[in-house]
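Containing mmCIF, C-alpha atoms and all ligand atoms: work.cif.
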data_entry
loop_
_atom_site.label_atom_id
_atom_site.label_comp_id
_atom_site.auth_asym_id
_atom_site.auth_seq_id
_atom_site.Cartn_x
_atom_site.Cartn_y
_atom_site.Cartn_z
CA MET A 1 0.00 0.00 0.00
CA ARG A 2 2.64 2.43 1.13
CA SER A 3 4.81 1.66 -1.93
CA ASN A 4 1.79 2.23 -4.21
CA VAL A 5 1.38 5.65 -2.70
CA LEU A 6 5.09 6.35 -3.16
CA ARG A 7 4.90 5.20 -6.75
CA ALA A 8 1.97 7.50 -7.44
CA VAL A 9 3.81 10.45 -5.90
CA ALA A 10 6.88 9.64 -7.97
CA ALA A 11 4.87 9.34 -11.17
CA ALA A 12 3.31 12.75 -10.58
CA ALA A 13 6.72 14.20 -9.77
CA SER A 14 8.25 12.87 -12.95
CA LEU A 15 5.63 14.77 -14.98
CA MET A 16 6.54 17.97 -13.22
CA VAL A 17 8.54 20.38 -15.33
CA PHE A 18 11.97 20.49 -13.78
CA SER A 19 13.95 23.69 -13.69
CA ALA A 20 17.29 24.37 -12.07
CA ALA A 21 15.78 27.39 -10.27
CA GLN A 22 13.40 25.10 -8.37
CA ALA A 23 16.37 23.20 -7.02
CA GLN A 24 17.97 26.31 -5.49
CA ASN A 25 18.47 26.02 -1.75
CA GLN A 26 17.07 22.52 -1.73
CA SER A 27 19.19 19.75 -0.32
CA VAL A 28 20.06 16.25 -1.45
CA GLU A 29 20.85 13.55 1.03
CA VAL A 30 23.43 11.29 -0.55
CA MET A 31 24.39 7.84 0.68
CA HIS A 32 27.82 6.47 -0.30
CA TRP A 33 30.74 4.46 1.04
CA TRP A 34 33.54 6.70 -0.16
CA THR A 35 35.56 7.25 2.99
CA SER A 36 39.20 6.59 2.00
CA GLY A 37 41.55 9.44 0.99
CA GLY A 38 41.04 9.10 -2.77
CA GLU A 39 37.33 8.37 -2.43
CA GLY A 40 36.91 11.37 -0.13
CA ALA A 41 38.58 13.62 -2.71
CA ALA A 42 36.19 12.33 -5.41
CA VAL A 43 33.08 12.79 -3.28
CA GLY A 44 34.31 16.32 -2.54
CA VAL A 45 34.24 17.04 -6.30
CA LEU A 46 30.59 15.96 -6.47
CA LYS A 47 29.61 17.91 -3.38
CA GLN A 48 31.26 21.11 -4.63
CA ASP A 49 29.70 20.74 -8.05
CA LEU A 50 26.22 20.56 -6.54
CA GLU A 51 26.88 23.39 -4.11
CA LYS A 52 27.96 25.57 -7.04
CA ARG A 53 24.56 24.88 -8.55
CA GLY A 54 22.84 25.98 -5.35
CA VAL A 55 22.02 22.52 -3.99
CA LYS A 56 22.97 21.68 -0.40
CA TRP A 57 24.68 18.38 0.35
CA VAL A 58 23.61 16.23 3.28
CA ASP A 59 26.20 13.52 3.71
CA MET A 60 25.29 9.94 4.54
CA ALA A 61 28.62 8.10 4.42
CA VAL A 62 28.71 4.48 5.58
CA ALA A 63 32.28 3.19 5.68
CA GLY A 64 33.17 -0.23 4.32
CA GLY A 65 34.90 -1.08 1.04
CA GLY A 66 32.72 -2.67 -1.62
CA GLY A 67 29.62 -1.17 -0.02
CA GLU A 68 28.07 -4.06 1.91
CA ALA A 69 27.54 -2.05 5.10
CA ALA A 70 26.19 0.89 3.12
CA SER A 71 23.69 -1.31 1.32
CA THR A 72 22.43 -2.70 4.63
CA ALA A 73 22.01 0.82 6.03
CA LEU A 74 20.22 1.87 2.85
CA ARG A 75 17.73 -0.98 3.11
CA ALA A 76 16.85 0.02 6.66
CA ARG A 77 16.10 3.57 5.48
CA VAL A 78 13.99 2.46 2.53
CA VAL A 79 12.04 -0.05 4.62
CA ALA A 80 11.32 2.73 7.12
CA GLY A 81 9.81 4.76 4.24
CA ASP A 82 12.54 7.40 4.45
CA PRO A 83 15.01 6.82 1.61
CA PRO A 84 17.88 9.22 0.94
CA THR A 85 17.56 11.33 -2.21
CA ALA A 86 20.30 9.35 -3.94
CA ALA A 87 22.41 6.35 -3.07
CA GLN A 88 25.65 5.02 -4.52
CA GLN A 89 24.83 1.52 -5.71
CA LEU A 90 26.43 -1.12 -7.91
CA GLY A 91 24.57 -2.49 -10.94
CA MET A 92 22.82 -5.55 -9.51
CA ASN A 93 21.59 -3.57 -6.52
CA VAL A 94 20.24 -0.85 -8.79
CA ARG A 95 18.27 -3.54 -10.58
CA ASP A 96 16.94 -4.98 -7.30
CA TRP A 97 15.68 -1.57 -6.16
CA ALA A 98 14.07 -0.98 -9.55
CA VAL A 99 12.29 -4.34 -9.39
CA GLU A 100 10.98 -3.38 -5.95
CA GLY A 101 9.57 -0.14 -7.43
CA SER A 102 11.71 2.07 -5.18
CA LEU A 103 13.36 4.22 -7.85
CA GLY A 104 12.15 7.33 -9.64
CA ASN A 105 12.10 7.84 -13.40
CA LEU A 106 14.96 9.89 -14.91
CA ASP A 107 13.88 9.71 -18.55
CA ASP A 108 13.27 13.45 -18.97
CA VAL A 109 16.78 14.32 -17.85
CA ALA A 110 18.28 11.39 -19.77
CA VAL A 111 16.58 12.38 -23.04
CA LYS A 112 17.70 15.99 -22.68
CA GLY A 113 21.25 14.85 -21.91
CA GLY A 114 21.36 12.24 -24.70
CA TRP A 115 22.40 9.51 -22.25
CA ASP A 116 21.36 6.73 -24.63
CA LYS A 117 23.91 7.93 -27.18
CA VAL A 118 26.93 8.33 -24.91
CA VAL A 119 26.72 5.75 -22.11
CA PRO A 120 28.34 2.42 -23.09
CA PRO A 121 25.69 -0.30 -23.56
CA ALA A 122 27.12 -2.53 -20.80
CA VAL A 123 26.56 0.32 -18.33
CA GLN A 124 23.13 1.23 -19.71
CA ALA A 125 22.02 -2.35 -19.04
CA PHE A 126 22.21 -1.61 -15.30
CA GLY A 127 21.16 2.06 -15.27
CA LYS A 128 17.89 1.36 -17.06
CA TYR A 129 15.02 -0.84 -16.00
CA LYS A 130 12.34 -1.86 -18.50
CA GLY A 131 13.65 0.81 -20.86
CA HIS A 132 13.56 3.66 -18.30
CA TRP A 133 16.55 5.35 -16.69
CA VAL A 134 16.49 4.94 -12.89
CA ALA A 135 20.11 5.66 -11.92
CA ALA A 136 22.89 7.99 -13.09
CA PRO A 137 26.29 6.36 -13.78
CA VAL A 138 29.21 8.34 -12.42
CA ASN A 139 32.17 6.22 -13.57
CA ILE A 140 33.53 3.02 -15.02
CA HIS A 141 35.90 1.22 -12.71
CA ARG A 142 38.12 -1.66 -13.75
CA PRO A 143 38.53 -3.97 -10.76
CA SER A 144 41.30 -6.10 -12.32
CA TRP A 145 44.54 -4.12 -12.07
CA LEU A 146 47.97 -4.93 -10.72
CA TRP A 147 49.65 -1.99 -8.91
CA MET A 148 53.40 -2.13 -8.41
CA ASN A 149 55.93 -0.07 -6.45
CA ALA A 150 58.21 1.21 -9.24
CA LYS A 151 61.27 1.55 -7.02
CA ILE A 152 61.05 -2.01 -5.73
CA PHE A 153 60.61 -3.28 -9.28
CA LYS A 154 63.55 -1.22 -10.57
CA ASP A 155 65.87 -2.07 -7.68
CA ASN A 156 65.19 -5.76 -8.21
CA GLY A 157 65.35 -5.75 -12.01
CA LEU A 158 61.70 -6.80 -12.34
CA THR A 159 59.14 -6.09 -15.05
CA PRO A 160 55.33 -6.28 -14.73
CA PRO A 161 54.23 -9.92 -14.89
CA LYS A 162 51.91 -10.71 -17.80
CA THR A 163 50.83 -14.24 -16.85
CA TRP A 164 50.18 -15.96 -13.54
CA ASP A 165 53.38 -18.02 -13.99
CA GLU A 166 55.35 -14.79 -14.41
CA PHE A 167 53.56 -13.37 -11.38
CA ASN A 168 54.62 -16.37 -9.27
CA ALA A 169 58.22 -16.11 -10.49
CA THR A 170 58.27 -12.38 -9.64
CA ALA A 171 56.73 -12.97 -6.21
CA ASP A 172 59.18 -15.80 -5.46
CA LYS A 173 62.14 -13.50 -6.21
CA LEU A 174 60.76 -10.76 -3.95
CA LYS A 175 60.01 -13.20 -1.16
CA ALA A 176 63.55 -14.60 -1.33
CA LYS A 177 64.80 -11.06 -0.72
CA GLY A 178 62.56 -10.60 2.31
CA ILE A 179 60.10 -8.24 0.54
CA THR A 180 56.36 -8.88 0.98
CA PRO A 181 55.27 -9.57 -2.60
CA LEU A 182 51.54 -8.88 -2.24
CA ALA A 183 49.72 -6.26 -0.18
CA PHE A 184 46.41 -7.84 0.68
CA GLY A 185 43.27 -7.16 2.62
CA GLY A 186 41.53 -10.25 4.01
CA GLN A 187 37.89 -9.32 3.48
CA ALA A 188 35.56 -11.45 1.37
CA TRP A 189 35.00 -8.79 -1.29
CA GLN A 190 38.74 -8.18 -1.65
CA GLU A 191 39.53 -11.88 -1.81
CA THR A 192 36.86 -12.28 -4.49
CA THR A 193 38.24 -9.28 -6.41
CA VAL A 194 41.51 -11.19 -6.67
CA TRP A 195 39.79 -14.52 -7.32
CA GLU A 196 37.88 -13.16 -10.31
CA ASP A 197 41.20 -11.87 -11.74
CA VAL A 198 42.52 -15.40 -11.50
CA VAL A 199 39.36 -16.87 -13.06
CA LEU A 200 39.69 -14.51 -16.03
CA GLY A 201 43.48 -14.72 -16.20
CA ILE A 202 43.71 -18.51 -16.14
CA GLY A 203 40.41 -19.42 -17.80
CA GLY A 204 40.04 -16.62 -20.36
CA PRO A 205 36.92 -14.62 -21.23
CA ASP A 206 34.67 -17.50 -22.27
CA PHE A 207 35.45 -19.34 -19.04
CA TYR A 208 34.75 -16.19 -17.00
CA LYS A 209 31.40 -15.87 -18.71
CA LYS A 210 30.47 -19.50 -18.05
CA ALA A 211 31.75 -19.72 -14.48
CA ILE A 212 30.64 -16.31 -13.24
CA ILE A 213 28.03 -14.68 -15.47
CA ASP A 214 26.20 -17.94 -16.26
CA ALA A 215 27.17 -19.73 -13.00
CA ASP A 216 27.36 -22.87 -15.13
CA PRO A 217 27.99 -25.96 -12.94
CA ALA A 218 30.17 -27.62 -15.62
CA ALA A 219 32.55 -24.64 -15.57
CA LEU A 220 32.43 -24.41 -11.78
CA LYS A 221 33.54 -28.03 -11.38
CA SER A 222 36.05 -28.06 -14.25
CA PRO A 223 39.81 -28.74 -14.00
CA THR A 224 40.33 -25.05 -14.84
CA MET A 225 38.56 -24.11 -11.61
CA ILE A 226 40.91 -26.41 -9.69
CA LYS A 227 43.83 -24.46 -11.20
CA VAL A 228 42.18 -21.22 -10.09
CA PHE A 229 42.07 -22.36 -6.46
CA ASP A 230 45.65 -23.70 -6.76
CA GLN A 231 46.72 -20.19 -7.75
CA MET A 232 44.78 -18.70 -4.82
CA ARG A 233 46.73 -21.00 -2.50
CA LYS A 234 49.97 -19.71 -4.07
CA LEU A 235 48.82 -16.12 -3.49
CA ARG A 236 48.19 -16.93 0.16
CA SER A 237 51.92 -17.64 0.48
CA TYR A 238 52.78 -14.15 -0.84
CA VAL A 239 50.84 -12.07 1.69
CA ASP A 240 52.06 -10.84 5.08
CA ARG A 241 50.94 -12.24 8.40
CA ASN A 242 48.58 -9.39 9.27
CA PHE A 243 46.36 -9.45 6.20
CA ALA A 244 43.14 -10.59 7.93
CA GLY A 245 40.46 -7.89 7.94
CA ARG A 246 42.78 -5.22 6.51
CA ASP A 247 41.01 -2.42 4.59
CA TRP A 248 41.91 -2.19 0.89
CA ASN A 249 43.29 1.35 1.19
CA LEU A 250 45.68 0.26 3.94
CA ALA A 251 46.95 -2.43 1.57
CA THR A 252 47.40 0.26 -1.10
CA ALA A 253 49.34 2.33 1.45
CA MET A 254 51.75 -0.59 1.91
CA VAL A 255 52.62 -0.43 -1.80
CA LEU A 256 52.88 3.37 -1.67
CA LYS A 257 55.30 3.16 1.26
CA GLY A 258 57.32 0.30 -0.20
CA GLU A 259 56.24 -2.13 2.54
CA ALA A 260 54.95 -4.50 -0.15
CA ALA A 261 55.66 -4.71 -3.87
CA MET A 262 52.24 -5.23 -5.47
CA GLN A 263 48.49 -5.09 -4.97
CA LEU A 264 45.74 -6.65 -7.08
CA MET A 265 42.90 -4.14 -6.81
CA GLY A 266 40.50 -2.00 -8.79
CA ASP A 267 41.47 1.43 -10.00
CA TRP A 268 39.96 3.10 -6.92
CA ALA A 269 43.50 2.26 -5.64
CA LYS A 270 44.75 4.83 -8.16
CA GLY A 271 42.68 7.41 -6.29
CA GLU A 272 44.86 6.68 -3.24
CA VAL A 273 48.02 7.09 -5.32
CA ILE A 274 46.81 10.49 -6.53
CA ALA A 275 45.66 11.56 -3.06
CA ALA A 276 49.17 10.66 -1.79
CA LYS A 277 50.63 12.97 -4.49
CA GLN A 278 52.39 10.12 -6.25
CA VAL A 279 52.22 9.59 -9.97
CA PRO A 280 50.35 6.58 -11.39
CA GLY A 281 52.39 4.91 -14.13
CA LYS A 282 55.62 6.38 -12.68
CA ASP A 283 55.87 5.96 -8.89
CA ILE A 284 53.23 3.25 -8.85
CA LEU A 285 53.12 1.19 -12.04
CA CYS A 286 49.89 -0.23 -13.38
CA SER A 287 49.22 -3.15 -15.64
CA VAL A 288 46.16 -5.30 -16.07
CA ALA A 289 45.97 -8.36 -13.83
CA PRO A 290 48.01 -11.24 -15.29
CA GLY A 291 46.38 -13.00 -18.22
CA THR A 292 43.42 -10.61 -18.45
CA GLN A 293 44.69 -8.65 -21.48
CA GLY A 294 42.01 -8.28 -24.17
CA SER A 295 39.09 -8.51 -21.75
CA PHE A 296 37.55 -5.82 -19.61
CA LEU A 297 35.86 -6.46 -16.29
CA PHE A 298 33.94 -3.45 -15.05
CA ASN A 299 31.85 -2.03 -12.28
CA THR A 300 30.03 1.26 -12.27
CA ASP A 301 29.00 3.39 -9.34
CA PHE A 302 25.48 4.57 -10.01
CA PHE A 303 23.51 7.08 -8.06
CA ALA A 304 20.17 5.37 -7.73
CA MET A 305 17.44 7.98 -7.40
CA PHE A 306 14.81 6.97 -4.90
CA ASN A 307 11.12 7.86 -4.87
CA VAL A 308 11.04 11.10 -2.89
CA SER A 309 8.39 13.76 -2.30
CA ALA A 310 7.56 16.16 -5.14
CA ALA A 311 9.23 18.93 -3.17
CA LYS A 312 12.56 17.09 -3.18
CA ARG A 313 12.37 16.09 -6.81
CA PRO A 314 13.91 19.16 -8.55
CA ALA A 315 17.18 18.87 -6.60
CA GLN A 316 17.26 15.14 -7.27
CA LEU A 317 16.84 15.68 -11.01
CA LEU A 318 19.45 18.43 -10.98
CA MET A 319 21.85 16.02 -9.32
CA ALA A 320 21.21 13.40 -12.01
CA GLN A 321 21.82 16.00 -14.71
CA ALA A 322 24.99 17.28 -13.00
CA ILE A 323 26.46 13.78 -12.70
CA MET A 324 26.26 13.25 -16.43
CA ASP A 325 27.79 16.60 -17.33
CA PRO A 326 30.88 15.83 -19.48
CA SER A 327 33.27 18.16 -17.66
CA PHE A 328 32.07 16.92 -14.26
CA GLN A 329 32.70 13.34 -15.41
CA VAL A 330 36.30 14.28 -16.24
CA THR A 331 37.02 16.09 -12.97
CA PHE A 332 35.34 13.48 -10.81
CA ASN A 333 37.03 10.50 -12.47
CA LEU A 334 40.46 12.15 -12.39
CA ALA A 335 40.17 12.03 -8.60
CA LYS A 336 38.40 8.66 -8.34
CA GLY A 337 40.84 6.64 -10.47
CA SER A 338 38.10 5.45 -12.81
CA ILE A 339 37.15 6.58 -16.32
CA PRO A 340 34.04 8.49 -17.39
CA ALA A 341 30.77 6.63 -17.93
CA ARG A 342 30.41 8.34 -21.28
CA ASN A 343 32.31 7.59 -24.44
CA ASP A 344 32.41 11.12 -25.87
CA VAL A 345 34.79 12.90 -23.48
CA SER A 346 38.45 13.65 -24.08
CA MET A 347 40.91 11.50 -22.13
CA ASP A 348 43.71 14.09 -22.58
CA LYS A 349 43.90 14.99 -18.89
CA PHE A 350 44.07 11.36 -17.73
CA ASP A 351 47.27 9.51 -16.86
CA ASP A 352 48.52 6.53 -18.87
CA CYS A 353 46.60 4.01 -16.73
CA GLY A 354 43.33 5.88 -17.36
CA LYS A 355 44.03 6.22 -21.07
CA GLN A 356 44.78 2.50 -21.24
CA SER A 357 41.54 1.71 -19.44
CA MET A 358 39.44 3.63 -21.98
CA ALA A 359 41.34 2.17 -24.95
CA ASP A 360 41.03 -1.37 -23.54
CA LEU A 361 37.31 -0.88 -22.89
CA LYS A 362 36.77 0.13 -26.51
CA ALA A 363 38.81 -2.80 -27.85
CA ALA A 364 37.14 -5.32 -25.50
CA SER A 365 33.68 -3.97 -26.44
CA ALA A 366 34.48 -4.55 -30.11
CA ALA A 367 35.60 -8.11 -29.30
CA ASN A 368 32.55 -8.71 -27.07
CA HIS A 369 34.74 -9.34 -24.04
CA VAL A 370 33.33 -6.84 -21.56
CA TYR A 371 31.98 -8.51 -18.44
CA GLY A 372 30.56 -7.34 -15.15
CA SER A 373 32.59 -7.88 -12.00
CA LEU A 374 31.25 -10.47 -9.55
CA ALA A 375 32.99 -8.95 -6.53
CA HIS A 376 31.58 -5.53 -7.40
CA GLY A 377 27.95 -6.29 -8.01
CA HIS A 378 27.72 -6.58 -11.79
CA ALA A 379 27.50 -10.31 -12.37
CA GLN A 380 25.13 -12.01 -9.93
CA PRO A 381 22.41 -10.90 -7.54
CA ALA A 382 23.46 -10.47 -3.91
CA GLY A 383 22.44 -13.97 -2.74
CA VAL A 384 24.44 -15.81 -5.40
CA GLN A 385 27.34 -13.38 -5.06
CA ARG A 386 27.42 -14.20 -1.33
CA ALA A 387 27.71 -17.93 -2.13
CA TYR A 388 30.86 -17.26 -4.19
CA PHE A 389 32.24 -14.90 -1.51
CA ASP A 390 31.81 -17.52 1.23
CA VAL A 391 33.62 -20.27 -0.67
CA VAL A 392 36.48 -18.04 -1.82
CA THR A 393 37.10 -16.61 1.64
CA LYS A 394 36.87 -19.97 3.39
CA HIS A 395 39.42 -21.51 1.03
CA PHE A 396 41.80 -18.55 1.30
CA ASN A 397 41.70 -18.55 5.08
CA SER A 398 42.11 -22.28 5.69
CA ASP A 399 44.09 -25.17 4.29
CA GLN A 400 41.12 -26.51 2.35
CA SER A 401 42.12 -28.35 -0.85
CA SER A 402 41.27 -26.94 -4.28
CA GLN A 403 39.03 -29.95 -4.95
CA ALA A 404 37.07 -29.43 -1.73
CA ALA A 405 36.65 -25.72 -2.56
CA VAL A 406 35.41 -26.56 -6.05
CA ASP A 407 32.91 -29.10 -4.68
CA GLU A 408 31.65 -26.54 -2.21
CA LEU A 409 31.39 -23.85 -4.89
CA VAL A 410 29.22 -26.08 -7.09
CA ARG A 411 26.94 -26.93 -4.15
CA SER A 412 26.68 -23.41 -2.72
CA VAL A 413 26.05 -21.64 -6.02
CA ALA A 414 23.36 -24.19 -6.97
CA ALA A 415 21.65 -23.71 -3.60
CA ALA A 416 21.73 -19.91 -3.89
CA LYS A 417 20.38 -19.74 -7.46
C1 LIG A 501 33.76 -0.50 -5.30
C2 LIG A 501 33.25 0.83 -5.75
C3 LIG A 501 34.35 1.83 -5.81
C4 LIG A 501 35.21 1.81 -4.56
C5 LIG A 501 35.49 0.41 -4.04
C6 LIG A 501 36.13 0.35 -2.67
O1 LIG A 501 32.75 -1.43 -5.25
O2 LIG A 501 32.69 0.71 -7.03
O3 LIG A 501 33.83 3.11 -6.06
O4 LIG A 501 34.63 2.61 -3.62
O5 LIG A 501 34.33 -0.37 -4.02
O6 LIG A 501 35.24 0.78 -1.67
#
Written form, structure tokens:
Amino acid sequence: MRSNVLRAVAAAASLMVFSAAQAQNQSVEVMHWWTSGGEGAAVGVLKQDLEKRGVKWVDMAVAGGGGEAASTALRARVVAGDPPTAAQQLGMNVRDWAVEGSLGNLDDVAVKGGWDKVVPPAVQAFGKYKGHWVAAPVNIHRPSWLWMNAKIFKDNGLTPPKTWDEFNATADKLKAKGITPLAFGGQAWQETTVWEDVVLGIGGPDFYKKAIIDADPAALKSPTMIKVFDQMRKLRSYVDRNFAGRDWNLATAMVLKGEAAMQLMGDWAKGEVIAAKQVPGKDILCSVAPGTQGSFLFNTDFFAMFNVSAAKRPAQLLMAQAIMDPSFQVTFNLAKGSIPARNDVSMDKFDDCGKQSMADLKAASAANHVYGSLAHGHAQPAGVQRAYFDVVTKHFNSDQSSQAAVDELVRSVAAAK
């Protein structure tokens, strides 16, 4: 009943003519999980942009990488009938909220801004529901990067590893010299970020699609999947003793300070490099995770726009419009480490890692090898994603065999589907 009423209010609001003047002195309450140094800088860009347009920012930050805690807090607010104006959400969660009828319609703003023409189709698939825009995409992140301390690599005569065998050889050399090869945060979403790199790097794009996008039991129980868990066991031997529970940005800091040589992490880690006034591609090298060349895993941070009262609607629509502004997309993504969610902006101001990301996205799109990230909410709904998380984290944090992990993965994913 209540949601019908909300839907009716939202429908009426979407017919309302929206003008920037109406948004003046209104506020938007924005939920997000951007609390690290680089993330904070990026959220500051968004806040300032809105304040310049006369819209006040009410911050609802919920710390926790990957956004699990934030999503739980968001649900509590929506269930209580008091959603924030906008919430950072990953693709599958956007879809879930749209299915529940909790999101407002952004079509007017999207048509005026030509979103259909400039947002890559893989991103549109999550920002639209039943042909209507419900969320504004602020970036395209690539979760499968390898970050390397340039000085450690130079001092030890190393070059970026291109395959998992090369990675192991590099890590073995570093370990023999007493250097921690891999900075690592032991949290399920981080472990799965690394695991999906290994799935793609060892299995290739078709295997990634079968094992993760299709959750195909034959792929999940295949010999390739055994090799994936074997590689995870190897990685376990390259991390320091204190990895359990470590936040991702603290792992990035280890690479920045030279306390570890490498980190496998999304390009939000580049935001930390920039915030620390170091130069990506020079002080901290980037290359795609071993074996993943030619494919592009992605995740996009959307601002899902919730059904709010008609009075709050103009500021909400102004926020959606502001997010898609081409120059805002450049400034924001320069700080965030990601690339713009539109394909018509100049990449001139971006560093080499950013330029490579955009070029690789275009090439992988042409080859049909762009896939959503499992760890970052673009491959499976939350329940199935959790099944993968649980198996990956249990294996990494125990001495479970690869075969036992594979058996458990097949069982757990089937039960969650
Ligand atoms: C991702 C999100 C990024 C970044 C990262 C670490 O899921 O898309 O924007 O915040 O988590 O929290």
For atom CA of A:Ala341 and atom CA of A:Pro120, quote the distance in Å rounded to one decimal.
->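 Distance reported for this atom pair: 7.1 Å.
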Work out how far atom CA of A:Asp96 is from atom CA of A:Trp133, in Å to one decimal.
->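 The value is 14.0 Å.
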Show me which residues sit within 10 Å of ligand LIG 501 (chain A) when counting only C-alpha atoms and all ligand atoms, and put them as a PyMOL selection string.
-> chain A and resi 32-36+38-40+42+63-68+88-91+138-143+189-190+193+247-249+265-269+271+298-302+336-338+373+375-378
Generate the output file for the selected residues, C-alpha atoms, as a PDB file, in the coordinates of the input.
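Dumped everything to out.pdb:
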ATOM      1  CA  HIS A  32      27.820   6.470  -0.300  1.00  0.00           C
ATOM      2  CA  TRP A  33      30.740   4.460   1.040  1.00  0.00           C
ATOM      3  CA  TRP A  34      33.540   6.700  -0.160  1.00  0.00           C
ATOM      4  CA  THR A  35      35.560   7.250   2.990  1.00  0.00           C
ATOM      5  CA  SER A  36      39.200   6.590   2.000  1.00  0.00           C
ATOM      6  CA  GLY A  38      41.040   9.100  -2.770  1.00  0.00           C
ATOM      7  CA  GLU A  39      37.330   8.370  -2.430  1.00  0.00           C
ATOM      8  CA  GLY A  40      36.910  11.370  -0.130  1.00  0.00           C
ATOM      9  CA  ALA A  42      36.190  12.330  -5.410  1.00  0.00           C
ATOM     10  CA  ALA A  63      32.280   3.190   5.680  1.00  0.00           C
ATOM     11  CA  GLY A  64      33.170  -0.230   4.320  1.00  0.00           C
ATOM     12  CA  GLY A  65      34.900  -1.080   1.040  1.00  0.00           C
ATOM     13  CA  GLY A  66      32.720  -2.670  -1.620  1.00  0.00           C
ATOM     14  CA  GLY A  67      29.620  -1.170  -0.020  1.00  0.00           C
ATOM     15  CA  GLU A  68      28.070  -4.060   1.910  1.00  0.00           C
ATOM     16  CA  GLN A  88      25.650   5.020  -4.520  1.00  0.00           C
ATOM     17  CA  GLN A  89      24.830   1.520  -5.710  1.00  0.00           C
ATOM     18  CA  LEU A  90      26.430  -1.120  -7.910  1.00  0.00           C
ATOM     19  CA  GLY A  91      24.570  -2.490 -10.940  1.00  0.00           C
ATOM     20  CA  VAL A 138      29.210   8.340 -12.420  1.00  0.00           C
ATOM     21  CA  ASN A 139      32.170   6.220 -13.570  1.00  0.00           C
ATOM     22  CA  ILE A 140      33.530   3.020 -15.020  1.00  0.00           C
ATOM     23  CA  HIS A 141      35.900   1.220 -12.710  1.00  0.00           C
ATOM     24  CA  ARG A 142      38.120  -1.660 -13.750  1.00  0.00           C
ATOM     25  CA  PRO A 143      38.530  -3.970 -10.760  1.00  0.00           C
ATOM     26  CA  TRP A 189      35.000  -8.790  -1.290  1.00  0.00           C
ATOM     27  CA  GLN A 190      38.740  -8.180  -1.650  1.00  0.00           C
ATOM     28  CA  THR A 193      38.240  -9.280  -6.410  1.00  0.00           C
ATOM     29  CA  ASP A 247      41.010  -2.420   4.590  1.00  0.00           C
ATOM     30  CA  TRP A 248      41.910  -2.190   0.890  1.00  0.00           C
ATOM     31  CA  ASN A 249      43.290   1.350   1.190  1.00  0.00           C
ATOM     32  CA  MET A 265      42.900  -4.140  -6.810  1.00  0.00           C
ATOM     33  CA  GLY A 266      40.500  -2.000  -8.790  1.00  0.00           C
ATOM     34  CA  ASP A 267      41.470   1.430 -10.000  1.00  0.00           C
ATOM     35  CA  TRP A 268      39.960   3.100  -6.920  1.00  0.00           C
ATOM     36  CA  ALA A 269      43.500   2.260  -5.640  1.00  0.00           C
ATOM     37  CA  GLY A 271      42.680   7.410  -6.290  1.00  0.00           C
ATOM     38  CA  PHE A 298      33.940  -3.450 -15.050  1.00  0.00           C
ATOM     39  CA  ASN A 299      31.850  -2.030 -12.280  1.00  0.00           C
ATOM     40  CA  THR A 300      30.030   1.260 -12.270  1.00  0.00           C
ATOM     41  CA  ASP A 301      29.000   3.390  -9.340  1.00  0.00           C
ATOM     42  CA  PHE A 302      25.480   4.570 -10.010  1.00  0.00           C
ATOM     43  CA  LYS A 336      38.400   8.660  -8.340  1.00  0.00           C
ATOM     44  CA  GLY A 337      40.840   6.640 -10.470  1.00  0.00           C
ATOM     45  CA  SER A 338      38.100   5.450 -12.810  1.00  0.00           C
ATOM     46  CA  SER A 373      32.590  -7.880 -12.000  1.00  0.00           C
ATOM     47  CA  ALA A 375      32.990  -8.950  -6.530  1.00  0.00           C
ATOM     48  CA  HIS A 376      31.580  -5.530  -7.400  1.00  0.00           C
ATOM     49  CA  GLY A 377      27.950  -6.290  -8.010  1.00  0.00           C
ATOM     50  CA  HIS A 378      27.720  -6.580 -11.790  1.00  0.00           C
TER      51      HIS A 378
END
Neighbour residues at most 10 Å from (32.2, -10.5, -22.5) (only C-alpha atoms) as a ChimeraX atom specification | /A:122,205-206,208-209,213,295-297,364-372
Within 6 Å of file point (22.1, 12.5, -3.6), counting only C-alpha atoms, expressed as a PyMOL selection string = chain A and resi 28-30+85-86
Which of these residues is nearest to A:Thr393, using all atoms listed in the file: A:Ala188, A:Ala253, A:Val228, A:Ala289?
->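 Nearest to A:Thr393: A:Ala188.
Each of A:Ala275, A:Ala98, A:Ala379, A:Ala260 was compared to A:Asp240 using all atoms listed in the file, and A:Ala260 turns out to be the nearest.
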Can you list, as a ChimeraX atom specification, every protein, DNA or RNA residue that comes within 8 Å of A:Phe306 when you count only C-alpha atoms, leaving out same-chain residues fewer than 6 positions away?
-> /A:83-87,102-104
Closest to A:Trp147 among A:Val330, A:Leu182, A:Leu200, A:Val345, using only C-alpha atoms?
-> A:Leu182
Grab the atom CA of A:Ser19 to atom CA of A:Gln329 distance for me, in Å with one decimal place.
-> 21.5 Å
Measuring atom to atom with all atoms listed in the file, identify which of A:Met324, A:Val255, A:Ser222, A:Glu272 is nearest to A:Val111.
->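 Checking each candidate against A:Val111, we get A:Met324 as the closest.
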Tell me which of A:Thr180, A:Asn333, A:Gln24, A:Asn93 sits closest to A:Gly258, counting all atoms listed in the file.
->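 The answer is A:Thr180, which sits nearest to A:Gly258.
In terms of minimum interatomic distance to A:Val391, A:Thr192 ranks closest within A:Thr224, A:Gln321, A:Asn105, A:Thr192, counting all atoms listed in the file.
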Write only C-alpha atoms for stretch 168-175 of chain A from the block just shown, as a CSV table (one decimal), in the first residue's frame.
chain,number,residue,atom,x,y,z
A,168,ASN,CA,54.6,-16.4,-9.3
A,169,ALA,CA,58.2,-16.1,-10.5
A,170,THR,CA,58.3,-12.4,-9.6
A,171,ALA,CA,56.7,-13.0,-6.2
A,172,ASP,CA,59.2,-15.8,-5.5
A,173,LYS,CA,62.1,-13.5,-6.2
A,174,LEU,CA,60.8,-10.8,-3.9
A,175,LYS,CA,60.0,-13.2,-1.2
